[in-house]
Amino acid sequence: MQTQTSITKIGLSAAAIIVAALAGGNAWAASASNYPSKPVHYVIPFGPGGESDITARLQQPFFEKMTGQNTVIEYKSGGGGAVGWAQLNSMKGDGYTIMGTNLPHIIVKPLMGNVGFKTADITNVYMFEYTPDAIVVPKDSPFKTLEDFITYAKKNPGRLTMSGSGTGTANQLANVRFDNLTGTTTTYIPFKGTGAAYTALRGGQVKAEWGYSTVAANHPGEVRLLALATKKRMDIFPNVPTFKEKGLDMVGGTYRGIGVPKSTPEPIRQKLSDLIGKINANPKFKHEMDKRGFVLLNVPYGKMDAFMKQKEAYYKQLANKAGLTK
Amino acid sequence: MAHFNELLAALTPLHLLLMVVGVAAGTILGAIPGLTATMAIAVLVPLTFSMDPATALLLMGAIYTGAVYGGAYSAILLNTPGTPSAIATTFDGFPMAKRGDGDLAITIACLSSVFGGLVGAAVLLFLAPPLANVALAFGPVEYFWLAIFGLTLISAISSGQLLKGLIGASFGLLLSCVGVAPISGMPRFTFGSTTLLGGIDVVSGLIGLYCIPVLIDLVARPERHLELQEASRGFRLPEAIRLCVSGIVNLIRSSLIGAFVGILPGAGGSISGLVSYSEARRASKTPERFGQGEPRGIQASESANNATVGGGMIPTLVLGIPGTPPDAVILGALLVQGIQPGPAMFSGSGTIVYTFIYGLFVATLLMLPIGLLIGRYAFKSIVTFPKAVLVPIVAFMTIIGTFAIRNSVSDVIVMIVLGVIGWFLDRLGFKPSPIVLGLILGPIAEQGFVQGWMIGGATGDPLSIFLSGPLAICIVILILLSLFYPLVAGMLRRRNAGGPKHG
């Protein structure tokens, strides 16, 4: 009996310590002027090792140098990001919990079914990057140019297989847009993530891949990009044409931003937006991002509504064409 | 010896110290259900940014190696795999612990892990670039058949209870369908609840189905968890070595299977352990002893899962395609460091990669003393702790471990609910392993089938693609062998016995 009560006591005091630790930070937070005054939890709604993780890791040292505070990167994966975003607004809105947000995910996922959140539930404070869509082929592919590719696709409707990451993703929507603009029918095969889509390409299971600039940046010499969905040619790929040059209006890819819980006060949202903007403005950060194939983007908090409105209209129309909406 | 400088680079005092710490930390983390190698490495990633790439790789490799081995402790002592890789270790590990041979089981697990780890590292050292092509040869169709082959293992792990095994596996397959569908992206079987949106994570299913029933039984029954031995018998090293020497063929076969499965990006330590286990059982003259505390079962599972470490590094380093989930984290860390994996890493001045490979050998060897010592301590604590202390500590760790997988309370709820279901099922004779097997293999089979069907459909013939290519046909033959082997073997035996009459 005696031992049991003491064990219970130990248990209770341990619980008390944990509760205290969890609640501890609240008292001295939530003021924008000295924000951030303690470490910021940066939640990635995907697993570790992916591009959302990598870009967050690249921001990390700059954030720390600027503010003197760490960012603690955490992962809350599941449902292709849906699990994290569905919980965003139940998190503490004091600026010390921020979450990576991705387009078109946060726009298309809620269109596909009940995923626990709506696009309007996500408060984005900054869009800092996009990873441009690209058509990727193996280095020994018979497709040397985009024209080769389109000619083959026109002659063999449906037979040109392309791997890509998932359904309702930038890859699939790029495929829909491409087929529409060129009047071709290609067959899109969804894989679980960019890594698996790349593996299928290299293994010859598909003829081409809907990928990103980063696929070529990470596997130099193994693949060829036929075209990139950027406004102008990328510095690291001077020989790769843009879709625009080829007369196809395709600019975009997967966009990455930072969101906060709805309860986060306005001044903190603004401060956070300024901080992320300053990181983007740092030439060293730009260099690190450029050489890995990421394209910097600057959509601050003040311009977010207009940006999201435009993207929502764009992706909704593509999702409809893809037959994704209910 | 080629790359002598790289060997020396792997042996600097700093590297040795980091590897000792890494192996020890990995072993302890791996022993806690829920804290997997993936997570142990992910937590460490920021620390590695201040190191040079070779050092960072060495440390991550050491943790990975340790964690895969550490999973054996809880598998043997608590019947709960500490990491998915150790599922097959529970089959014979726990029965051994029950009959008082837990110390021997842990020493065997340590020796086998070291052996497997060395084989995996050797395969990585000598065969990496050519074997990387194996990873590419496996397409959707091959993964589909591999998953079906995996499902045939149910017959090996549910001896005498085949029907219940099949029902359990179907339950597992059904559970694997919950959540956002991997291919179509549509939420299914979530009943509108966000708790089920993320699906049932394999690790939380593992903890629930294996660990919770053990905990309930501990509370419900008066006897001790494991029998206390009167006198300490040390590590029982000579005995373990003798068993490993006599089982050397089994160890070699299992390590090679482990290394091979590791190369496949869609399969990991759990599948390699299970495949090796069932092959060890098939090859054995006394298959009926498997599941009753047969040391060779532990040897098969533990050597295979550690060989997977080296095998998985092959596609990771040669192709930039992660072979196992922890490799994905290592790859991400390398990319942040600005290191591009690729064949170039192995040619010319492959300093980083060869330093790392030699480091993997050293870390694996370090596992011998470190693993034996920690294993001894783990065994003593689990055996001597009174139940009133053991149960709350383990229960607490399962909750922390489950939460930590994805920082999700939903996973904890799913784990506890599955645990209670698992306890009832266990009483009715449904074992957790077929259910977990279904949970692991369901998504692999589903994705492989749908993708294969779509690719085949593009050429107008969705079906014949499933039997096109030598690899697919090989796996189908393996499936048929696996299904009909017991039947054919029985017929042959009867025929031989009755031979003279016909002659």
# chains A, B, ... in the order shown; residues from 1 in each chain; ligands from 1

call {"tool": "interface_residues", "arguments": {"of": "chain A", "to": "chain B", "cutoff": "6 Å", "atoms": "only C-alpha atoms", "output": "PyMOL selection string"}}
result
chain A and resi 48-49+76-79+83+116+158-159+166-167+190+203

call {"tool": "write_last_selection", "arguments": {"atoms": "N, CA and C atoms", "output": "compact mmCIF listing (two decimals), in the first residue's frame"}}
result
# COMPACT_ATOMS: atom_id res chain seq x y z
N PRO A 48 9.89 13.89 -42.30
CA PRO A 48 11.20 14.50 -42.46
C PRO A 48 11.88 14.08 -43.77
N GLY A 49 12.73 14.93 -44.30
CA GLY A 49 13.53 14.58 -45.48
C GLY A 49 12.97 15.09 -46.79
N LYS A 76 4.33 16.71 -38.43
CA LYS A 76 2.99 16.21 -38.11
C LYS A 76 2.43 15.72 -39.43
N SER A 77 2.87 14.54 -39.86
CA SER A 77 2.53 14.09 -41.20
C SER A 77 1.24 13.29 -41.20
N GLY A 78 0.73 13.02 -42.37
CA GLY A 78 -0.46 12.20 -42.52
C GLY A 78 -1.44 12.84 -43.48
N GLY A 79 -2.07 11.99 -44.29
CA GLY A 79 -3.10 12.48 -45.21
C GLY A 79 -2.57 13.49 -46.19
N VAL A 83 -3.61 16.19 -42.15
CA VAL A 83 -3.68 16.01 -40.70
C VAL A 83 -3.15 17.26 -39.98
N GLY A 116 -11.11 17.83 -43.14
CA GLY A 116 -10.97 18.42 -41.81
C GLY A 116 -10.62 19.90 -41.83
N GLY A 158 -2.77 8.79 -75.27
CA GLY A 158 -2.92 7.92 -74.11
C GLY A 158 -1.75 7.02 -73.82
N ARG A 159 -0.87 6.85 -74.80
CA ARG A 159 0.20 5.87 -74.61
C ARG A 159 1.43 6.45 -73.92
N GLY A 166 1.37 11.87 -56.57
CA GLY A 166 0.02 11.94 -56.04
C GLY A 166 -1.07 12.49 -56.94
N THR A 167 -2.28 12.54 -56.36
CA THR A 167 -3.45 13.05 -57.06
C THR A 167 -3.86 14.38 -56.44
N PRO A 190 -0.16 8.43 -60.76
CA PRO A 190 0.24 9.01 -59.48
C PRO A 190 1.11 8.06 -58.65
N GLY A 203 13.53 3.74 -63.61
CA GLY A 203 13.35 2.31 -63.83
C GLY A 203 12.70 2.00 -65.17

call {"tool": "residues_around", "arguments": {"residues": "segment 475-491 of chain B", "least_positions_apart": "6", "cutoff": "7 Å", "atoms": "only C-alpha atoms", "output": "list in words"}}
result
Trp145, Leu146, Phe149 and Thr152 of chain B

call {"tool": "closest_residue", "arguments": {"among": "B:Met367, B:Ile148, B:Ser50, B:Gly262", "to": "Ile63 of chain B", "atoms": "only C-alpha atoms"}}
result
B:Met367

call {"tool": "select_by_dssp", "arguments": {"residues": "segment 214-326 of chain A", "states": "alpha helix (DSSP H)", "output": "NGL selection string"}}
result
:A and (214-218 or 266-281 or 283-291 or 304-321)

call {"tool": "atom_distance", "arguments": {"atom1": "atom CA of Thr123 of chain A", "atom2": "atom CA of Ser263 of chain A"}}
result
9.5 Å

call {"tool": "atom_distance", "arguments": {"atom1": "atom CA of Met60 of chain B", "atom2": "atom CA of Val309 of chain B"}}
result
11.3 Å

call {"tool": "residues_around", "arguments": {"residues": "Gly168 of chain A", "least_positions_apart": "4", "cutoff": "7 Å", "atoms": "only C-alpha atoms", "output": "list of chain:residue names"}}
result
A:Val108, A:Lys109, A:Gln172, A:Leu173, B:Gly185

call {"tool": "closest_residue", "arguments": {"among": "A:Ser163, A:Thr55, A:Gln205, A:Ser33", "to": "Tyr130 of chain A", "atoms": "only C-alpha atoms"}}
result
A:Thr55

call {"tool": "residues_around", "arguments": {"residues": "Ala217 of chain A", "least_positions_apart": "3", "cutoff": "12 Å", "atoms": "only C-alpha atoms", "output": "tab-separated table (two decimals) with C-alpha atoms, in the first residue's frame"}}
result
chain	number	residue	atom	x	y	z
A	131	THR	CA	9.35	24.78	-57.04
A	132	PRO	CA	8.57	25.01	-60.75
A	134	ALA	CA	8.99	20.48	-65.24
A	136	VAL	CA	11.61	15.26	-66.82
A	211	GLY	CA	8.56	16.66	-61.71
A	212	TYR	CA	10.23	19.82	-60.62
A	213	SER	CA	13.39	21.80	-61.19
A	214	THR	CA	14.69	20.13	-58.02
A	220	PRO	CA	22.62	16.01	-62.12
A	221	GLY	CA	23.60	14.18	-65.29
A	222	GLU	CA	20.90	11.53	-64.93
A	223	VAL	CA	17.89	13.31	-66.39
A	224	ARG	CA	16.95	15.97	-68.93
A	225	LEU	CA	14.37	18.70	-68.40
A	234	MET	CA	16.55	29.51	-64.44
A	235	ASP	CA	20.20	30.40	-63.84
A	236	ILE	CA	21.12	26.82	-62.95
A	237	PHE	CA	19.48	25.48	-66.13
A	289	MET	CA	17.82	28.13	-52.56
A	290	ASP	CA	18.85	28.82	-56.16
A	291	LYS	CA	21.44	26.10	-56.38
A	292	ARG	CA	18.95	23.49	-55.18
A	293	GLY	CA	16.37	24.47	-57.79
A	294	PHE	CA	13.96	26.43	-55.56
B	320	GLY	CA	19.58	9.52	-54.52
B	335	LEU	CA	20.84	17.67	-49.60
B	338	GLY	CA	24.71	20.56	-50.40
B	339	ILE	CA	25.94	17.02	-51.05
B	340	GLN	CA	24.44	15.33	-54.09
B	341	PRO	CA	24.36	11.56	-53.91
B	342	GLY	CA	25.03	9.79	-57.19

call {"tool": "select_by_dssp", "arguments": {"residues": "segment 24-92 of chain A", "states": "strand (DSSP E or B)", "output": "ChimeraX atom specification"}}
result
/A:40-44,71-75

call {"tool": "atom_distance", "arguments": {"atom1": "atom CA of Thr286 of chain B", "atom2": "atom CA of Leu166 of chain B"}}
result
23.8 Å

call {"tool": "closest_residue", "arguments": {"among": "B:Gly117, B:Gly168, B:Pro130, B:Gly66", "to": "Phe361 of chain B", "atoms": "only C-alpha atoms"}}
result
B:Gly117

call {"tool": "closest_residue", "arguments": {"among": "B:Gly375, B:Gly205, B:Gly150, B:Gly323", "to": "Val275 of chain B", "atoms": "only C-alpha atoms"}}
result
B:Gly150

call {"tool": "closest_atom_pairs", "arguments": {"of": "segment 150-191 of chain A", "to": "segment 246-252 of chain A", "cutoff": "12 Å", "atoms": "only C-alpha atoms", "output": "Markdown table"}}
result
| residue | atom | partner | partner_atom | distance |
| --- | --- | --- | --- | --- |
| A:Ile150 | CA | A:Lys246 | CA | 11.1 |
| A:Thr169 | CA | A:Gly252 | CA | 12.0 |
| A:Ala170 | CA | A:Gly252 | CA | 8.3 |
| A:Asn171 | CA | A:Gly252 | CA | 10.3 |
| A:Leu173 | CA | A:Gly252 | CA | 10.4 |
| A:Ala174 | CA | A:Met250 | CA | 7.9 |
| A:Asn175 | CA | A:Met250 | CA | 10.5 |
| A:Val176 | CA | A:Met250 | CA | 11.1 |
| A:Arg177 | CA | A:Met250 | CA | 7.8 |
| A:Phe178 | CA | A:Met250 | CA | 7.9 |
| A:Asp179 | CA | A:Leu248 | CA | 10.6 |
| A:Asn180 | CA | A:Leu248 | CA | 10.1 |
| A:Leu181 | CA | A:Leu248 | CA | 6.6 |
| A:Thr182 | CA | A:Leu248 | CA | 7.8 |
| A:Gly183 | CA | A:Leu248 | CA | 11.4 |

call {"tool": "closest_residue", "arguments": {"among": "B:Val219, B:Ile252, B:Leu104, B:Val417", "to": "Pro238 of chain B", "atoms": "only C-alpha atoms"}}
result
B:Leu104

call {"tool": "residues_around", "arguments": {"residues": "Thr97 of chain A", "least_positions_apart": "5", "cutoff": "9 Å", "atoms": "only C-alpha atoms", "output": "list in words"}}
result
Val40, His41, Tyr42, Val43, Leu88, Met91, Lys92, Val260 and Pro261 of chain A

call {"tool": "write_last_selection", "arguments": {"atoms": "N, CA and C atoms", "output": "CSV table (one decimal), in the first residue's frame"}}
result
chain,number,residue,atom,x,y,z
A,40,VAL,N,10.6,29.2,-31.7
A,40,VAL,CA,9.4,29.1,-32.5
A,40,VAL,C,9.3,27.7,-33.0
A,41,HIS,N,8.1,27.1,-32.8
A,41,HIS,CA,7.9,25.7,-33.3
A,41,HIS,C,7.4,25.8,-34.7
A,42,TYR,N,8.2,25.2,-35.6
A,42,TYR,CA,7.9,25.3,-37.1
A,42,TYR,C,7.4,23.9,-37.5
A,43,VAL,N,6.1,23.8,-37.6
A,43,VAL,CA,5.5,22.4,-37.9
A,43,VAL,C,5.5,22.2,-39.4
A,88,LEU,N,-4.4,23.0,-37.4
A,88,LEU,CA,-3.7,24.3,-37.3
A,88,LEU,C,-4.4,25.2,-36.4
A,91,MET,N,-4.3,25.0,-32.6
A,91,MET,CA,-3.0,25.3,-31.9
A,91,MET,C,-3.0,26.7,-31.3
A,92,LYS,N,-2.0,26.9,-30.5
A,92,LYS,CA,-1.9,28.2,-29.8
A,92,LYS,C,-1.5,29.3,-30.8
A,260,VAL,N,-0.3,30.4,-39.8
A,260,VAL,CA,-0.4,30.5,-38.4
A,260,VAL,C,-1.8,30.1,-38.0
A,261,PRO,N,-2.0,29.8,-36.7
A,261,PRO,CA,-3.4,29.5,-36.2
A,261,PRO,C,-4.2,30.8,-36.3
